[in-house]
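Okay, final-v1.txt now, which holds compact mmCIF, C-alpha atoms and all ligand atoms:
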# COMPACT_ATOMS: atom_id res chain seq x y z
CA MET A 29 82.71 69.42 131.34
CA GLU A 30 79.63 71.25 132.49
CA GLU A 31 77.25 70.65 129.62
CA ASP A 32 74.77 73.30 130.68
CA ILE A 33 77.15 76.28 130.58
CA LYS A 34 76.53 78.23 127.41
CA LEU A 35 79.78 79.48 125.95
CA SER A 36 80.14 82.15 123.32
CA PRO A 37 82.04 81.00 120.19
CA GLU A 38 85.07 83.02 121.37
CA GLN A 39 85.02 81.39 124.81
CA ALA A 40 84.56 77.92 123.30
CA ARG A 41 87.54 78.55 121.01
CA GLU A 42 89.86 79.81 123.74
CA ILE A 43 89.03 77.04 126.22
CA GLY A 44 89.06 74.53 123.36
CA LYS A 45 92.54 75.63 122.31
CA ALA A 46 93.84 75.44 125.87
CA TYR A 47 92.47 71.88 126.29
CA PHE A 48 93.53 70.65 122.86
CA PHE A 49 97.05 72.03 122.68
CA ALA A 50 97.99 71.46 126.31
CA SER A 51 96.46 68.03 126.72
CA ASP A 52 99.84 66.41 127.53
CA GLY A 53 98.73 63.19 125.90
CA ASP A 54 95.48 63.13 127.85
CA ALA A 55 93.07 61.82 125.21
CA GLU A 56 89.99 62.89 127.11
CA LYS A 57 91.19 66.46 127.50
CA ARG A 58 92.17 66.56 123.85
CA SER A 59 88.78 65.37 122.66
CA ALA A 60 87.00 67.82 124.96
CA GLY A 61 89.16 70.56 123.43
CA LEU A 62 88.34 69.44 119.91
CA LYS A 63 84.65 69.37 120.73
CA LEU A 64 84.80 72.97 121.94
CA LEU A 65 86.78 74.07 118.90
CA LEU A 66 84.19 72.49 116.62
CA GLN A 67 81.48 74.21 118.61
CA ALA A 68 83.21 77.53 117.92
CA VAL A 69 83.48 76.61 114.23
CA SER A 70 79.71 76.05 114.12
CA GLY A 71 79.34 79.44 115.79
CA ASN A 72 81.23 80.91 112.81
CA ASP A 73 84.27 81.93 114.86
CA PRO A 74 86.97 82.79 112.30
CA GLU A 75 89.95 81.88 114.47
CA ALA A 76 88.51 78.46 115.32
CA GLN A 77 87.85 77.89 111.61
CA PHE A 78 91.48 78.75 110.94
CA VAL A 79 92.78 76.42 113.68
CA ILE A 80 90.69 73.43 112.54
CA SER A 81 91.62 74.11 108.93
CA ARG A 82 95.33 74.04 109.79
CA LEU A 83 94.92 70.82 111.78
CA LEU A 84 93.23 69.22 108.77
CA LEU A 85 95.87 70.44 106.33
CA ASP A 86 98.69 69.31 108.62
CA GLY A 87 97.12 65.86 108.85
CA VAL A 88 96.59 66.10 112.62
CA LEU A 89 92.86 65.71 112.05
CA LYS A 90 91.08 63.79 109.34
CA SER A 91 87.82 65.05 107.92
CA LEU A 92 84.73 62.88 108.11
CA GLU A 93 83.89 64.32 104.71
CA THR A 94 85.50 62.70 101.66
CA ASP A 95 88.33 65.17 101.11
CA SER A 96 90.19 66.71 104.05
CA GLU A 97 91.90 69.35 101.90
CA GLU A 98 88.64 70.50 100.35
CA HIS A 99 87.06 70.66 103.80
CA ALA A 100 90.05 72.56 105.18
CA LEU A 101 90.03 75.09 102.35
CA ARG A 102 86.33 75.69 102.80
CA LEU A 103 86.94 76.55 106.46
CA MET A 104 90.01 78.63 105.57
CA CYS A 105 88.01 80.70 103.06
CA SER A 106 85.26 81.22 105.58
CA ALA A 107 87.81 82.31 108.20
CA ALA A 108 89.43 84.71 105.74
CA ASN A 109 86.08 86.16 104.70
CA ASN A 110 85.15 86.56 108.36
CA GLY A 111 88.20 88.73 108.91
CA CYS A 112 90.88 86.31 110.14
CA ILE A 113 94.14 87.89 108.97
CA GLN A 114 96.16 84.68 109.42
CA ALA A 115 93.70 82.81 107.19
CA ARG A 116 94.01 85.47 104.50
CA ALA A 117 97.82 85.28 104.72
CA PHE A 118 97.68 81.49 104.60
CA LEU A 119 95.57 81.46 101.42
CA ASN A 120 97.90 83.96 99.76
CA ALA A 121 100.99 81.89 100.59
CA TYR A 122 99.21 78.68 99.59
CA CYS A 123 98.42 80.04 96.12
CA GLU A 124 101.84 81.57 95.61
CA GLN A 125 103.54 78.29 96.53
CA ARG A 126 101.39 76.45 94.00
CA TYR A 127 102.29 79.06 91.40
CA ASP A 128 106.03 78.87 92.12
CA LYS A 129 105.94 75.09 91.87
CA GLU A 130 104.16 75.25 88.52
CA PHE A 131 106.32 77.94 86.93
CA ASP A 132 109.71 77.51 88.60
CA GLU A 133 111.12 75.37 85.80
CA ARG A 134 110.10 77.63 82.93
CA PRO A 135 112.83 78.88 80.61
CA GLN A 136 113.70 82.47 81.44
CA ILE A 137 114.22 85.18 78.86
CA VAL A 138 117.13 87.43 79.74
CA SER A 139 117.20 90.59 77.69
CA GLU A 140 120.35 92.71 77.69
CA LYS A 141 118.48 95.83 76.61
CA GLY A 142 115.57 95.93 78.99
CA LEU A 143 112.10 94.46 79.07
CA VAL A 144 110.74 92.84 75.89
CA ASP A 145 107.21 91.60 75.24
CA PHE A 146 106.11 88.08 74.24
CA ASP A 147 107.08 88.85 70.63
CA GLY A 148 110.57 89.97 71.67
CA ARG A 149 109.82 93.66 71.02
CA PRO A 150 111.36 96.15 73.48
CA ILE A 151 108.76 97.77 75.75
CA LYS A 152 108.89 101.52 76.21
CA ILE A 153 106.69 103.31 78.73
CA ASN A 154 106.92 106.98 79.52
CA ARG A 155 103.52 108.29 80.55
CA GLN A 156 104.14 111.41 82.57
CA GLY A 157 102.84 114.92 82.90
CA ILE A 158 99.95 116.95 84.21
CA PHE A 159 97.37 115.13 82.09
CA THR A 160 98.19 111.68 83.41
CA PRO A 161 96.76 111.25 86.94
CA ILE A 162 98.94 108.18 87.40
CA ASP A 163 102.40 108.44 85.84
CA ALA A 164 104.19 105.34 84.63
CA LEU A 165 107.85 105.13 83.74
CA LEU A 166 109.73 102.01 82.71
CA GLU A 167 113.48 102.19 83.11
CA PHE A 168 116.38 99.82 82.56
CA LYS A 169 119.07 100.74 85.09
CA ASP A 170 122.16 98.72 86.03
CA GLY A 171 120.69 95.67 84.37
CA LYS A 172 117.39 96.02 86.23
CA ASN A 173 113.90 96.70 84.91
CA ILE A 174 112.00 99.14 87.08
CA LEU A 175 108.43 100.30 86.58
CA THR A 176 107.65 103.35 88.68
CA LEU A 177 104.03 104.33 89.17
CA SER A 178 103.60 107.71 90.77
CA THR A 179 100.52 109.64 91.68
CA ASN A 180 99.34 112.45 93.87
CA ILE A 181 96.55 111.26 96.10
CA LEU A 182 93.82 113.67 97.00
CA PHE A 183 91.42 112.60 99.71
CA PHE A 184 88.10 114.25 99.11
CA TYR A 185 85.63 114.31 101.96
CA GLY A 186 82.05 115.29 101.19
CA GLU A 187 81.36 114.71 104.85
CA GLU A 188 83.69 114.38 107.82
CA ILE A 189 84.59 110.91 109.01
CA ALA A 190 85.76 110.07 112.53
CA ALA A 191 89.33 108.84 112.09
CA SER A 192 90.40 110.22 108.74
CA GLU A 193 94.12 109.77 109.43
CA GLU A 194 93.79 106.03 110.04
CA PHE A 195 91.46 105.73 107.05
CA GLU A 196 94.02 107.43 104.80
CA GLN A 197 96.79 105.24 106.17
CA ALA A 198 94.77 102.10 105.36
CA VAL A 199 94.11 103.30 101.80
CA LEU A 200 97.74 104.20 101.17
CA SER A 201 99.09 100.93 102.57
CA GLY A 202 96.63 98.98 100.39
CA ILE A 203 97.91 100.78 97.29
CA MET A 204 101.52 100.23 98.34
CA GLU A 205 100.94 96.47 98.20
CA TRP A 206 101.39 96.66 94.44
CA GLN A 207 105.09 97.24 95.02
CA GLY A 208 107.35 94.28 94.66
CA ASP A 209 109.54 92.08 92.48
CA TYR A 210 107.78 90.27 89.67
CA GLU A 211 108.63 88.08 86.69
CA VAL A 212 106.90 88.99 83.47
CA PHE A 213 106.87 88.13 79.75
CA GLY A 214 108.69 84.83 80.05
CA GLY A 215 110.28 85.24 83.45
CA GLN A 216 112.02 88.61 82.99
CA LYS A 217 112.54 90.34 86.30
CA LEU A 218 110.67 93.58 86.89
CA THR A 219 110.56 95.66 90.04
CA VAL A 220 107.44 97.75 90.59
CA LYS A 221 107.84 100.89 92.67
CA LEU A 222 105.08 103.16 93.92
CA GLN A 223 105.58 106.85 94.61
CA LEU A 224 102.65 108.41 96.41
CA THR A 225 102.47 112.07 97.30
CA LYS A 226 99.75 113.98 99.12
CA ASP A 227 100.16 117.48 97.80
CA ASN A 228 97.35 119.94 97.45
CA ASN A 229 97.13 119.82 93.65
CA ILE A 230 94.18 121.29 91.81
CA PHE A 231 94.32 118.61 89.13
CA ASP A 232 96.50 115.66 88.14
CA ASN A 233 95.32 113.66 91.14
CA LEU A 234 94.05 110.25 91.99
CA ILE A 235 90.98 111.15 94.03
CA ILE A 236 89.89 108.99 96.93
CA MET A 237 86.42 109.63 98.26
CA PRO A 238 84.80 107.86 101.19
CA LEU A 239 81.18 107.26 100.31
CA THR A 240 79.44 107.93 103.61
CA ASP A 241 75.79 106.98 104.18
CA LYS A 242 74.74 110.61 103.75
CA ILE A 243 76.55 110.99 100.42
CA GLY A 244 75.27 107.55 99.40
CA SER A 245 71.67 108.52 99.99
CA ASN A 246 72.19 111.71 97.96
CA VAL A 247 73.65 109.66 95.13
CA LYS A 248 70.60 107.40 95.36
CA LYS A 249 68.24 110.39 95.11
CA ILE A 250 70.09 111.86 92.14
CA SER A 251 70.25 108.55 90.28
CA ASP A 252 66.55 108.00 91.00
CA LYS A 253 65.81 111.12 88.98
CA LEU A 254 68.52 111.01 86.36
CA ALA A 255 69.97 107.57 85.74
CA PRO A 256 68.61 105.17 83.11
CA LYS A 257 66.83 102.12 84.57
CA ASN A 258 69.64 99.56 84.20
CA LYS A 259 72.23 101.98 85.59
CA LYS A 260 69.90 102.86 88.45
CA GLU A 261 69.69 99.23 89.55
CA GLN A 262 73.45 98.90 89.40
CA ILE A 263 73.95 102.05 91.49
CA ILE A 264 71.42 100.96 94.12
CA ASN A 265 73.00 97.49 94.28
CA THR A 266 76.46 98.92 94.73
CA LEU A 267 75.28 101.25 97.49
CA THR A 268 73.18 98.65 99.30
CA ASN A 269 75.97 96.07 99.26
CA LYS A 270 78.51 98.73 100.20
CA ARG A 271 80.76 97.75 97.33
CA SER A 272 83.60 100.13 96.66
CA PHE A 273 84.33 101.09 93.07
CA ALA A 274 86.70 103.00 90.86
CA ALA A 275 85.71 105.37 88.10
CA ALA A 276 88.05 106.24 85.27
CA GLY A 277 86.04 108.41 82.93
CA VAL A 278 83.78 106.92 80.28
CA LYS A 279 86.65 104.77 79.08
CA TRP A 280 89.94 104.08 80.84
CA SER A 281 92.98 105.70 79.33
CA VAL A 282 96.21 107.00 80.83
CA ASN A 283 94.67 110.47 80.67
CA SER A 284 91.21 109.73 82.05
CA ARG A 285 90.24 111.15 85.44
CA LYS A 286 90.55 108.61 88.20
CA ILE A 287 88.43 108.40 91.32
CA ILE A 288 88.15 105.65 93.87
CA PHE A 289 84.95 105.58 95.92
CA ILE A 290 85.34 103.65 99.14
CA GLN A 291 82.43 102.37 101.17
CA SER A 292 82.66 101.02 104.68
CA LYS A 293 80.82 97.87 105.68
CA SER A 294 80.66 99.15 109.26
CA GLY A 295 79.60 102.58 108.02
CA LEU A 296 82.28 104.16 110.22
CA PHE A 297 85.32 103.79 107.95
CA ASP A 298 87.17 102.02 110.74
CA ASP A 299 87.26 98.52 109.18
CA TYR A 300 90.85 99.14 108.16
CA GLU A 301 91.78 95.65 106.92
CA GLU A 302 88.81 95.71 104.56
CA ILE A 303 89.52 99.29 103.46
CA LYS A 304 93.14 98.38 102.77
CA ALA A 305 92.13 95.35 100.68
CA VAL A 306 89.49 97.31 98.80
CA ALA A 307 91.90 100.18 98.05
CA LYS A 308 94.38 97.65 96.66
CA HIS A 309 91.71 96.20 94.34
CA GLU A 310 90.32 99.55 93.20
CA PHE A 311 93.81 100.89 92.52
CA GLY A 312 94.12 97.97 90.08
CA HIS A 313 91.20 99.43 88.10
CA THR A 314 92.83 102.86 88.00
CA ILE A 315 96.01 101.36 86.52
CA GLY A 316 94.06 99.72 83.74
CA LEU A 317 92.81 96.33 84.90
CA GLY A 318 89.32 94.84 84.63
CA ASP A 319 87.65 92.54 87.14
CA LEU A 320 88.45 88.87 87.47
CA TYR A 321 85.64 86.64 88.67
CA ALA A 322 85.41 82.89 88.39
CA SER A 323 81.67 82.88 87.80
CA ALA A 324 79.25 85.23 86.08
CA ILE A 325 78.34 88.44 87.91
CA ASP A 326 76.48 91.52 86.66
CA THR A 327 77.40 91.83 82.99
CA LEU A 328 80.58 89.76 83.26
CA PRO A 329 80.56 86.14 82.09
CA GLY A 330 83.22 84.85 84.52
CA VAL A 331 86.51 83.04 83.91
CA GLU A 332 86.27 79.36 84.77
CA LYS A 333 89.20 77.48 86.25
CA GLY A 334 91.15 75.89 83.41
CA THR A 335 90.84 78.86 81.06
CA TYR A 336 94.30 80.27 81.72
CA THR A 337 97.08 78.17 83.25
CA GLU A 338 98.71 81.15 84.94
CA LEU A 339 95.51 81.86 86.89
CA ASP A 340 94.71 78.27 87.88
CA CYS A 341 97.21 78.17 90.73
CA TYR A 342 95.15 80.91 92.37
CA ALA A 343 91.81 79.15 92.04
CA ILE A 344 90.33 78.17 95.37
CA ARG A 345 87.87 75.29 95.43
CA ASP A 346 87.01 76.10 91.80
CA LYS A 347 84.85 78.88 93.21
CA TYR A 348 87.00 81.98 92.93
CA TYR A 349 90.49 83.23 92.30
CA ASN A 350 92.50 84.43 95.24
CA LEU A 351 93.90 87.36 93.32
CA VAL A 352 93.80 91.12 93.65
CA MET A 353 91.29 91.75 90.86
CA CYS A 354 88.92 89.15 92.20
CA ASP A 355 86.68 90.34 95.02
CA HIS A 356 88.62 88.28 97.53
CA HIS A 357 91.59 90.63 97.56
CA GLY A 358 94.37 88.11 97.05
CA PRO A 359 97.93 88.81 96.00
CA VAL A 360 99.13 90.71 92.94
CA SER A 361 100.45 88.13 90.48
CA ASN A 362 103.05 88.29 87.72
CA ASN A 363 100.21 88.18 85.24
CA ASP A 364 98.51 91.24 86.77
CA ILE A 365 101.73 93.22 86.39
CA GLU A 366 102.13 92.05 82.79
CA MET A 367 98.68 93.45 82.13
CA VAL A 368 99.51 96.76 83.84
CA VAL A 369 102.58 97.07 81.61
CA LEU A 370 100.43 96.51 78.51
CA ALA A 371 97.76 98.93 79.74
CA PHE A 372 100.29 101.77 79.99
CA ARG A 373 102.22 100.80 76.85
CA ASP A 374 99.13 100.48 74.65
CA ASN A 375 96.97 103.03 76.47
CA LYS A 376 94.26 100.40 76.66
CA MET A 377 92.44 98.80 79.54
CA GLN A 378 93.32 95.10 79.96
CA LEU A 379 90.49 92.65 80.54
CA TYR A 380 90.40 89.16 82.04
CA GLN A 381 86.97 88.62 80.55
CA PRO A 382 84.96 90.46 77.90
CA SER A 383 82.62 93.00 79.44
CA LYS A 384 79.02 93.06 78.16
CA LEU A 385 80.18 90.62 75.49
CA LYS A 386 82.40 93.24 73.96
CA GLY A 387 86.00 94.17 74.52
CA THR A 388 88.91 91.83 73.94
CA ILE A 389 90.77 90.03 76.66
CA SER A 390 94.36 90.96 77.42
CA SER A 391 97.02 89.39 75.22
CA ALA A 392 99.00 88.72 78.42
CA LEU A 393 96.56 85.93 79.25
CA GLY A 394 97.00 82.33 78.17
CA LYS A 395 100.73 82.66 77.62
CA GLY A 396 101.60 80.91 80.89
CA ASN A 397 103.70 83.93 81.91
ZN ZN B 401 86.46 95.63 90.77
When written as structure tokens, how does the structure in this file appear?
Ligand SMILES: [Zn+2]
Amino acid sequence: MEEDIKLSPEQAREIGKAYFFASDGDAEKRSAGLKLLLQAVSGNDPEAQFVISRLLLDGVLKSLETDSEEHALRLMCSAANNGCIQARAFLNAYCEQRYDKEFDERPQIVSEKGLVDFDGRPIKINRQGIFTPIDALLEFKDGKNILTLSTNILFFYGEEIAASEEFEQAVLSGIMEWQGDYEVFGGQKLTVKLQLTKDNNIFDNLIIMPLTDKIGSNVKKISDKLAPKNKKEQIINTLTNKRSFAAAGVKWSVNSRKIIFIQSKSGLFDDYEEIKAVAKHEFGHTIGLGDLYASAIDTLPGVEKGTYTELDCYAIRDKYYNLVMCDHHGPVSNNDIEMVVLAFRDNKMQLYQPSKLKGTISSALGKGN
């Protein structure tokens, strides 16, 4: 190896991979490959972080730190947060496998008359009409429970963005990720379907608005003049950190107006993976869910690992939950869907943690699903 050639992290990773995986039993080649891969890891290359993490988890490498799995997960999280799609997918599958293992053996409630809640009461949901921006209908058809969420999506542009079609596609596909087969209220099967339209309605819409830099700076100016001090700080923080957010009136209800503001870390609205993940999370707010964070943030106290068994399988390194309502955009869990059902049945937002020390947490939590 030429020691004096300076390689970029990407180059180090690619050459490292070639040496390591095609060493044909040549120990020297293999160790040169490993050295390059580790160099790329130090250079914060997400794919190299993913590769080394997999090698640690598969037992091919052993960490010099005390715990190989802990070390591997730290790298995997870093890779995922740096945009490695395979790392994100790995973490999702890893959590879901842990969950399945934990809850596979649970006794399953089979109801002949449709979905029942934890107290055995039948659940009825029929929230439809022009005053409900997101309609929800629970049906029991041919022995199957189906929850259909339908909404008309209106993209509202205060300012043109370059590739609006791709942006819209990313938002819609993020929302569609809520679809799927779940097991709720003691293992009862429930299929969630999404019906999204894009008609030109005047009202009864879910509004999606990209918050461009220009609009953001206007919002800043307005809030400078009008917002109370604590709100002002929150607004400036949200804008500076380019955090997307959902608004659902003063208080969420099935009838409240629903708007999702999306910000782009690149400023160009072309970071589609991020936009997709963010749209998925913010849609969760519009269908009645609060935020889930492992540790305290803003006015939220945080939910420590060990508080609810059904969430623990999704805890990564005791630092955060790899779930949709956490800011790491993980999968939608059975518990999340249980809470959506309760939100629409009771017309009440469902919280994972009390907000500003008020509000009660969802009764779906702590029941182990
Ligand atoms: Zn949120």
At a cut-off of 10 Å, using all atoms listed in the file, what residues contact region 185-201 of chain A? Leave out same-chain residues fewer than 3 positions from it and give the result as a ChimeraX atom specification.
/A:181-182,204-206,224-225,236-243,290,295-308,311
With C-alpha atoms retained, write the just-selected residues as a PDB file, in the frame of the given file.
ATOM      1  CA  ILE A 181      96.550 111.260  96.100  1.00  0.00           C
ATOM      2  CA  LEU A 182      93.820 113.670  97.000  1.00  0.00           C
ATOM      3  CA  MET A 204     101.520 100.230  98.340  1.00  0.00           C
ATOM      4  CA  GLU A 205     100.940  96.470  98.200  1.00  0.00           C
ATOM      5  CA  TRP A 206     101.390  96.660  94.440  1.00  0.00           C
ATOM      6  CA  LEU A 224     102.650 108.410  96.410  1.00  0.00           C
ATOM      7  CA  THR A 225     102.470 112.070  97.300  1.00  0.00           C
ATOM      8  CA  ILE A 236      89.890 108.990  96.930  1.00  0.00           C
ATOM      9  CA  MET A 237      86.420 109.630  98.260  1.00  0.00           C
ATOM     10  CA  PRO A 238      84.800 107.860 101.190  1.00  0.00           C
ATOM     11  CA  LEU A 239      81.180 107.260 100.310  1.00  0.00           C
ATOM     12  CA  THR A 240      79.440 107.930 103.610  1.00  0.00           C
ATOM     13  CA  ASP A 241      75.790 106.980 104.180  1.00  0.00           C
ATOM     14  CA  LYS A 242      74.740 110.610 103.750  1.00  0.00           C
ATOM     15  CA  ILE A 243      76.550 110.990 100.420  1.00  0.00           C
ATOM     16  CA  ILE A 290      85.340 103.650  99.140  1.00  0.00           C
ATOM     17  CA  GLY A 295      79.600 102.580 108.020  1.00  0.00           C
ATOM     18  CA  LEU A 296      82.280 104.160 110.220  1.00  0.00           C
ATOM     19  CA  PHE A 297      85.320 103.790 107.950  1.00  0.00           C
ATOM     20  CA  ASP A 298      87.170 102.020 110.740  1.00  0.00           C
ATOM     21  CA  ASP A 299      87.260  98.520 109.180  1.00  0.00           C
ATOM     22  CA  TYR A 300      90.850  99.140 108.160  1.00  0.00           C
ATOM     23  CA  GLU A 301      91.780  95.650 106.920  1.00  0.00           C
ATOM     24  CA  GLU A 302      88.810  95.710 104.560  1.00  0.00           C
ATOM     25  CA  ILE A 303      89.520  99.290 103.460  1.00  0.00           C
ATOM     26  CA  LYS A 304      93.140  98.380 102.770  1.00  0.00           C
ATOM     27  CA  ALA A 305      92.130  95.350 100.680  1.00  0.00           C
ATOM     28  CA  VAL A 306      89.490  97.310  98.800  1.00  0.00           C
ATOM     29  CA  ALA A 307      91.900 100.180  98.050  1.00  0.00           C
ATOM     30  CA  LYS A 308      94.380  97.650  96.660  1.00  0.00           C
ATOM     31  CA  PHE A 311      93.810 100.890  92.520  1.00  0.00           C
TER      32      PHE A 311
END
Identify, on the basis of all atoms listed in the file, every residue whose closest approach to Val220 (chain A) does not exceed 9 Å; exclude the query and any residue fewer than 3 positions from it along the same chain; express the result as a PyMOL selection string.
chain A and resi 173-177+206-210+365
Residues just named, written with C-alpha atoms as a PDB file, in the coordinates of the input:
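Contents of the output file selection_34.pdb:
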ATOM      1  CA  ASN A 173     113.900  96.700  84.910  1.00  0.00           C
ATOM      2  CA  ILE A 174     112.000  99.140  87.080  1.00  0.00           C
ATOM      3  CA  LEU A 175     108.430 100.300  86.580  1.00  0.00           C
ATOM      4  CA  THR A 176     107.650 103.350  88.680  1.00  0.00           C
ATOM      5  CA  LEU A 177     104.030 104.330  89.170  1.00  0.00           C
ATOM      6  CA  TRP A 206     101.390  96.660  94.440  1.00  0.00           C
ATOM      7  CA  GLN A 207     105.090  97.240  95.020  1.00  0.00           C
ATOM      8  CA  GLY A 208     107.350  94.280  94.660  1.00  0.00           C
ATOM      9  CA  ASP A 209     109.540  92.080  92.480  1.00  0.00           C
ATOM     10  CA  TYR A 210     107.780  90.270  89.670  1.00  0.00           C
ATOM     11  CA  ILE A 365     101.730  93.220  86.390  1.00  0.00           C
TER      12      ILE A 365
END
Check which residues of chain A sit at most 7 Å from ligand ZN 401 (chain B) using all atoms listed in the file, and return one row each with the closest pair of atoms and their distance in Å to one decimal, ordered by chain and rising number, as a Markdown table.
| residue | atom | partner | partner_atom | distance |
| --- | --- | --- | --- | --- |
| A:Phe273 | CA | B:ZN401 | ZN | 6.3 |
| A:His309 | CA | B:ZN401 | ZN | 6.4 |
| A:Glu310 | CA | B:ZN401 | ZN | 6.0 |
| A:His313 | CA | B:ZN401 | ZN | 6.6 |
| A:Gly318 | CA | B:ZN401 | ZN | 6.8 |
| A:Asp319 | CA | B:ZN401 | ZN | 4.9 |
| A:Met353 | CA | B:ZN401 | ZN | 6.2 |
| A:Asp355 | CA | B:ZN401 | ZN | 6.8 |
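Counting all atoms listed in the file, the residue from A:Glu98, A:Asp232, A:Asp145, A:Glu75 that sits nearest to Arg373 (chain A) is A:Asp145.
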Spatial sel., origin (92.7, 66.0, 107.3), limit 10 Å, all atoms listed in the file, listed as an NGL selection string:
:A and (80-100)
Residues within 10 Å of region 123-135 of chain A, please, as a ChimeraX atom specification. Count all atoms listed in the file; anything in the same chain fewer than 2 positions from it doesn't count.
/A:118-121,137-138,214-215,337-344,349-351,358-362,396-397
